[in-house]
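Data from entry.pdb: PDB, C-alpha atoms
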```pdb
ATOM      1  CA  MET A 529      20.932  39.192  10.172
ATOM      2  CA  ASN A 530      19.174  37.195  12.897
ATOM      3  CA  LEU A 531      19.018  33.484  12.238
ATOM      4  CA  ILE A 532      18.491  30.039  13.727
ATOM      5  CA  ILE A 533      20.497  26.926  12.837
ATOM      6  CA  LEU A 534      18.592  23.642  13.207
ATOM      7  CA  GLY A 535      19.900  20.151  12.616
ATOM      8  CA  ALA A 536      20.153  16.685  14.120
ATOM      9  CA  PRO A 537      23.050  15.741  16.409
ATOM     10  CA  GLY A 538      26.099  15.345  14.169
ATOM     11  CA  ALA A 539      24.581  17.337  11.287
ATOM     12  CA  GLY A 540      27.246  20.024  11.543
ATOM     13  CA  LYS A 541      25.458  22.864  13.388
ATOM     14  CA  GLY A 542      28.564  23.763  15.357
ATOM     15  CA  THR A 543      30.832  23.614  12.318
ATOM     16  CA  LEU A 544      28.564  25.841  10.210
ATOM     17  CA  SER A 545      27.743  28.310  12.977
ATOM     18  CA  ASP A 546      31.431  28.721  13.900
ATOM     19  CA  ALA A 547      32.214  29.451  10.242
ATOM     20  CA  LEU A 548      29.320  31.926   9.973
ATOM     21  CA  VAL A 549      30.507  33.805  13.065
ATOM     22  CA  LYS A 550      33.596  34.738  11.014
ATOM     23  CA  GLU A 551      31.697  35.140   7.745
ATOM     24  CA  LEU A 552      28.938  37.409   9.105
ATOM     25  CA  GLY A 553      30.666  38.970  12.101
ATOM     26  CA  ILE A 554      27.790  38.164  14.465
ATOM     27  CA  PRO A 555      27.814  36.168  17.711
ATOM     28  CA  LYS A 556      26.665  32.583  18.080
ATOM     29  CA  ILE A 557      24.297  32.063  20.989
ATOM     30  CA  SER A 558      23.980  28.632  22.578
ATOM     31  CA  THR A 559      21.725  28.086  25.584
ATOM     32  CA  GLY A 560      24.242  25.614  26.986
ATOM     33  CA  ASP A 561      27.044  28.171  26.736
ATOM     34  CA  MET A 562      24.815  30.833  28.307
ATOM     35  CA  LEU A 563      23.972  28.591  31.241
ATOM     36  CA  ARG A 564      27.592  27.674  31.871
ATOM     37  CA  GLN A 565      28.660  31.335  31.740
ATOM     38  CA  GLU A 566      25.932  32.495  34.131
ATOM     39  CA  VAL A 567      26.836  29.721  36.589
ATOM     40  CA  LYS A 568      30.515  30.629  36.278
ATOM     41  CA  ASP A 569      29.756  34.344  36.836
ATOM     42  CA  GLY A 570      27.601  33.558  39.870
ATOM     43  CA  SER A 571      24.708  35.727  38.641
ATOM     44  CA  PRO A 572      21.279  35.401  40.363
ATOM     45  CA  LEU A 573      19.957  33.394  37.392
ATOM     46  CA  GLY A 574      23.152  31.347  37.281
ATOM     47  CA  LEU A 575      22.893  30.446  40.963
ATOM     48  CA  LYS A 576      19.262  29.445  40.502
ATOM     49  CA  ALA A 577      20.162  27.283  37.487
ATOM     50  CA  LYS A 578      23.091  25.718  39.358
ATOM     51  CA  GLU A 579      20.803  24.693  42.220
ATOM     52  CA  ILE A 580      18.339  23.092  39.797
ATOM     53  CA  MET A 581      21.059  21.238  37.858
ATOM     54  CA  ALA A 582      22.636  20.009  41.098
ATOM     55  CA  LYS A 583      19.380  18.150  41.771
ATOM     56  CA  GLY A 584      19.600  16.532  38.344
ATOM     57  CA  GLU A 585      16.589  18.472  37.078
ATOM     58  CA  LEU A 586      16.141  20.364  33.799
ATOM     59  CA  VAL A 587      16.398  24.132  33.890
ATOM     60  CA  SER A 588      12.952  25.638  33.259
ATOM     61  CA  ASN A 589      11.943  27.427  30.068
ATOM     62  CA  GLU A 590      11.392  30.569  32.162
ATOM     63  CA  ILE A 591      15.064  30.679  33.157
ATOM     64  CA  ILE A 592      16.242  29.888  29.628
ATOM     65  CA  ASN A 593      14.012  32.631  28.216
ATOM     66  CA  GLU A 594      15.326  35.171  30.736
ATOM     67  CA  LEU A 595      18.927  34.201  29.939
ATOM     68  CA  LEU A 596      18.222  34.547  26.225
ATOM     69  CA  LYS A 597      16.565  37.928  26.651
ATOM     70  CA  ASN A 598      19.521  39.227  28.676
ATOM     71  CA  ARG A 599      21.981  37.873  26.103
ATOM     72  CA  ILE A 600      20.445  39.415  22.998
ATOM     73  CA  LYS A 601      20.172  42.780  24.744
ATOM     74  CA  LYS A 602      23.975  42.985  24.687
ATOM     75  CA  GLU A 603      25.779  45.335  22.327
ATOM     76  CA  ASP A 604      27.364  42.596  20.180
ATOM     77  CA  CYS A 605      23.890  41.455  19.053
ATOM     78  CA  LYS A 606      22.905  44.835  17.583
ATOM     79  CA  LYS A 607      24.056  43.821  14.089
ATOM     80  CA  GLY A 608      22.537  40.358  14.353
ATOM     81  CA  PHE A 609      22.942  37.028  16.093
ATOM     82  CA  MET A 610      22.726  33.316  15.456
ATOM     83  CA  LEU A 611      20.933  30.796  17.657
ATOM     84  CA  ASP A 612      22.531  27.347  17.676
ATOM     85  CA  GLY A 613      20.248  24.484  18.771
ATOM     86  CA  PHE A 614      17.478  26.736  20.090
ATOM     87  CA  PRO A 615      14.505  26.690  19.992
ATOM     88  CA  ARG A 616      13.807  22.957  20.239
ATOM     89  CA  THR A 617      10.031  23.038  20.660
ATOM     90  CA  ILE A 618       7.038  25.037  19.409
ATOM     91  CA  ASN A 619       6.621  26.515  22.888
ATOM     92  CA  GLN A 620      10.205  27.782  22.875
ATOM     93  CA  ALA A 621       9.752  29.148  19.332
ATOM     94  CA  GLU A 622       6.667  31.093  20.391
ATOM     95  CA  GLU A 623       8.451  32.491  23.455
ATOM     96  CA  LEU A 624      11.402  33.461  21.269
ATOM     97  CA  SER A 625       9.022  35.360  18.953
ATOM     98  CA  LYS A 626       7.653  37.307  21.943
ATOM     99  CA  ILE A 627      11.143  38.151  23.230
ATOM    100  CA  MET A 628      12.342  39.314  19.804
ATOM    101  CA  LYS A 629       9.224  41.410  19.251
ATOM    102  CA  GLU A 630       9.626  42.995  22.687
ATOM    103  CA  LEU A 631      13.251  43.909  21.924
ATOM    104  CA  GLY A 632      12.507  45.083  18.381
ATOM    105  CA  TYR A 633      14.235  42.232  16.533
ATOM    106  CA  ILE A 634      13.029  40.363  13.445
ATOM    107  CA  LEU A 635      13.919  36.746  12.665
ATOM    108  CA  ASP A 636      15.328  36.707   9.131
ATOM    109  CA  LEU A 637      16.108  33.071   8.444
ATOM    110  CA  VAL A 638      15.944  29.517   9.808
ATOM    111  CA  ILE A 639      18.447  27.051   8.351
ATOM    112  CA  ASN A 640      17.746  23.328   8.682
ATOM    113  CA  LEU A 641      20.755  21.099   8.018
ATOM    114  CA  VAL A 642      19.806  17.902   6.209
ATOM    115  CA  VAL A 643      21.982  14.813   6.567
ATOM    116  CA  SER A 644      21.403  11.059   6.332
ATOM    117  CA  GLU A 645      21.101   9.017   9.517
ATOM    118  CA  ASN A 646      23.890   6.677   8.431
ATOM    119  CA  LEU A 647      26.344   9.540   7.953
ATOM    120  CA  VAL A 648      25.464  10.998  11.379
ATOM    121  CA  VAL A 649      26.141   7.590  12.947
ATOM    122  CA  LYS A 650      29.465   7.388  11.101
ATOM    123  CA  ARG A 651      30.461  10.893  12.226
ATOM    124  CA  LEU A 652      29.518  10.475  15.870
ATOM    125  CA  THR A 653      30.861   6.964  16.421
ATOM    126  CA  ASN A 654      34.209   8.251  15.107
ATOM    127  CA  ARG A 655      34.253  11.356  17.324
ATOM    128  CA  ARG A 656      37.076  11.630  19.851
ATOM    129  CA  VAL A 657      37.360  14.244  22.617
ATOM    130  CA  CYS A 658      40.404  15.415  24.579
ATOM    131  CA  LYS A 659      40.202  14.599  28.301
ATOM    132  CA  LYS A 660      42.313  17.634  29.120
ATOM    133  CA  CYS A 661      41.111  20.570  26.979
ATOM    134  CA  GLY A 662      37.882  19.230  25.420
ATOM    135  CA  GLY A 663      39.189  19.525  21.847
ATOM    136  CA  ASN A 664      37.182  17.608  19.232
ATOM    137  CA  PHE A 665      38.599  15.285  16.582
ATOM    138  CA  ASN A 666      37.124  12.716  14.227
ATOM    139  CA  LEU A 667      38.744   9.503  13.009
ATOM    140  CA  PHE A 668      36.633   9.781   9.860
ATOM    141  CA  SER A 669      36.956  13.455   8.851
ATOM    142  CA  SER A 670      39.486  15.296  11.063
ATOM    143  CA  PRO A 671      41.828  12.912  12.893
ATOM    144  CA  SER A 672      44.548  14.108  15.246
ATOM    145  CA  LYS A 673      48.094  14.111  13.854
ATOM    146  CA  LYS A 674      49.136  11.447  16.352
ATOM    147  CA  ALA A 675      46.640   8.652  17.110
ATOM    148  CA  GLY A 676      44.952   9.121  20.494
ATOM    149  CA  ILE A 677      46.775  12.388  21.259
ATOM    150  CA  CYS A 678      45.295  15.907  21.170
ATOM    151  CA  ASP A 679      46.949  18.267  18.665
ATOM    152  CA  PHE A 680      46.263  21.260  20.914
ATOM    153  CA  CYS A 681      47.497  20.216  24.351
ATOM    154  CA  GLY A 682      48.862  16.669  24.073
ATOM    155  CA  GLY A 683      46.054  15.267  26.195
ATOM    156  CA  GLU A 684      44.548  11.807  25.782
ATOM    157  CA  LEU A 685      41.635  11.407  23.381
ATOM    158  CA  TYR A 686      38.631   9.283  24.321
ATOM    159  CA  GLN A 687      35.254   8.216  22.953
ATOM    160  CA  ARG A 688      32.209   9.515  24.816
ATOM    161  CA  ALA A 689      30.015   6.776  26.297
ATOM    162  CA  ASP A 690      26.959   7.991  24.375
ATOM    163  CA  ASP A 691      28.783   7.973  21.018
ATOM    164  CA  ASN A 692      27.661   4.441  20.199
ATOM    165  CA  GLU A 693      25.359   3.417  17.362
ATOM    166  CA  THR A 694      22.351   2.337  19.454
ATOM    167  CA  THR A 695      22.298   5.536  21.527
ATOM    168  CA  ILE A 696      22.856   7.747  18.494
ATOM    169  CA  ARG A 697      19.999   6.173  16.502
ATOM    170  CA  ASN A 698      17.687   6.587  19.518
ATOM    171  CA  ARG A 699      18.697  10.248  19.822
ATOM    172  CA  LEU A 700      17.975  10.777  16.135
ATOM    173  CA  GLN A 701      14.496   9.266  16.475
ATOM    174  CA  VAL A 702      13.712  11.541  19.423
ATOM    175  CA  TYR A 703      15.093  14.550  17.553
ATOM    176  CA  ALA A 704      12.995  13.827  14.461
ATOM    177  CA  LYS A 705       9.836  13.421  16.540
ATOM    178  CA  ASP A 706      10.401  16.566  18.624
ATOM    179  CA  THR A 707      11.741  18.831  15.881
ATOM    180  CA  GLN A 708       9.471  18.107  12.897
ATOM    181  CA  PRO A 709       6.671  20.325  14.301
ATOM    182  CA  LEU A 710       9.251  23.123  14.698
ATOM    183  CA  ILE A 711      10.404  22.705  11.101
ATOM    184  CA  ASN A 712       6.780  22.921   9.961
ATOM    185  CA  PHE A 713       6.246  25.980  12.211
ATOM    186  CA  TYR A 714       9.007  27.967  10.501
ATOM    187  CA  ALA A 715       8.230  26.606   7.024
ATOM    188  CA  ASN A 716       4.679  27.941   7.377
ATOM    189  CA  LYS A 717       6.130  31.368   8.188
ATOM    190  CA  GLY A 718       8.252  31.266   5.025
ATOM    191  CA  LEU A 719      11.489  31.427   7.023
ATOM    192  CA  LEU A 720      12.820  27.876   6.638
ATOM    193  CA  ARG A 721      15.543  26.969   4.152
ATOM    194  CA  GLU A 722      17.387  23.649   3.941
ATOM    195  CA  ILE A 723      21.071  22.994   3.341
ATOM    196  CA  GLY A 724      22.560  19.605   2.541
ATOM    197  CA  ALA A 725      25.187  18.939   5.204
ATOM    198  CA  GLU A 726      26.989  15.981   3.641
ATOM    199  CA  ASN A 727      29.501  17.714   1.358
ATOM    200  CA  GLY A 728      31.764  19.655   3.714
ATOM    201  CA  ILE A 729      31.815  23.134   5.205
ATOM    202  CA  SER A 730      32.826  25.046   2.043
ATOM    203  CA  GLU A 731      29.746  23.750   0.187
ATOM    204  CA  MET A 732      27.538  24.519   3.192
ATOM    205  CA  ILE A 733      28.779  28.126   3.331
ATOM    206  CA  LYS A 734      28.288  28.501  -0.430
ATOM    207  CA  ALA A 735      24.693  27.256  -0.081
ATOM    208  CA  PHE A 736      24.088  29.558   2.877
ATOM    209  CA  ASN A 737      25.385  32.643   1.042
ATOM    210  CA  LYS A 738      23.093  31.897  -1.903
ATOM    211  CA  ILE A 739      20.082  31.548   0.421
ATOM    212  CA  ALA A 740      20.991  34.709   2.369
ATOM    213  CA  ALA A 741      21.294  36.709  -0.860
ATOM    214  CA  GLU A 742      17.898  35.463  -2.077
ATOM    215  CA  GLN A 743      16.327  36.328   1.290
ATOM    216  CA  LYS A 744      17.844  39.812   1.240
ATOM    217  CA  ASN A 745      16.526  40.506  -2.277
ATOM    218  CA  LYS A 746      12.957  39.503  -1.453
TER     219      LYS A 746
END
```
Encoding of this model in structure tokens:
Amino acid sequence: MNLIILGAPGAGKGTLSDALVKELGIPKISTGDMLRQEVKDGSPLGLKAKEIMAKGELVSNEIINELLKNRIKKEDCKKGFMLDGFPRTINQAEELSKIMKELGYILDLVINLVVSENLVVKRLTNRRVCKKCGGNFNLFSSPSKKAGICDFCGGELYQRADDNETTIRNRLQVYAKDTQPLINFYANKGLLREIGAENGISEMIKAFNKIAAEQKNK
């Protein structure tokens, strides 16, 4: 199965996609992860991206598309793959369609996670990150065993500067404006399904499995 997971910041894309990696046995593909890996490996594309990012500029769609094409050519994507947080625009969606057609892949499903703005604000303002290993915790839903201390490495936990209510609400407005056309794009193709993301991961997986079964039986 080849699918896309959409959702606002704090909707639970990472949580669901990580669970589905185990459930479906397919890789999760994140453009951010791809970029970091290419830079780390020192590949030609990675070096080009590193130079652009060093100037504080955004990496072009051309580079992202090339990275994506190279990634889904790999053996672990033969049985399917999951795109987390990509595409973000109609242009990217159209380019993705071209790449998949060229490589002989079909997009099976697009999941849009639906969650209230107030709950997203609550989740993100309570997020805490480990300074040492980058581990994620949440004062609201998954606190560390010892306040302010990472369960994994004992590092200090901190709150990211952008995890404040004003910034989060602004991000949500931008996301809604930029992503609604994309949601309509996939809905018109009959690929979009929505999952309520307010009731925990077990309910989200249950909803996903029901949708996947319906899609398979079409």
Problem set entry | Among listed residues A:Asn598, A:Thr617, A:Asn737, A:Thr694, nearest A:Ser571 (using all atoms listed in the file) | A:Asn598
For this session: Do a neighbour search on stretch 743-746 of chain A at 8 Å with only C-alpha atoms, toss out local chain neighbours closer than 4 positions, and write the hits as a ChimeraX atom specification.
Result: /A:636-637,739
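When all atoms listed in the file are used to measure the gap to A:Phe665, the shortest distance among A:Asn593, A:Gln620, A:Asn727, A:Thr653 belongs to A:Thr653.
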Exercise. Counting only C-alpha atoms, what is within 10 Å of A:Ala735, bar same-chain residues fewer than 6 positions away, as a ChimeraX atom specification?
Worked result: /A:722-725,729
Exercise. So how many Å separate atom CA of A:Leu719 and atom CA of A:Ser644, to one decimal?
Worked result: 22.7 Å
For this session: Take atom CA of A:Ser670 and atom CA of A:Ile533 and report the distance between them in Å, one decimal.
Result: 22.3 Å
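Atom pair atom CA of A:Lys606 / atom CA of A:Val642 has a distance of 29.4 Å (rounded to one decimal).
Closest approach to A:Leu700 among A:Val638, A:Leu531, A:Val649, A:Cys681 is made by A:Val649 (distances from all atoms listed in the file).
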For this session: Using only C-alpha atoms, find the one residue out of A:Glu726, A:Asp546, A:Leu563, A:Asn664 that sits nearest to A:Val648.
Result: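 Of the candidates, the smallest distance to A:Val648 is held by A:Glu726.
For the set A:Met562, A:Val587, A:Ala675, A:Ile733, the residue with the smallest atom-to-atom gap to A:Lys550 is A:Ile733, counting all atoms listed in the file.
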Exercise. Near A:Lys556, within 8 Å and counting all atoms listed in the file, which residues show up once chain neighbours fewer than 3 positions away are dropped, as a PyMOL selection string?
Worked result: chain A and resi 545-546+549+609-612
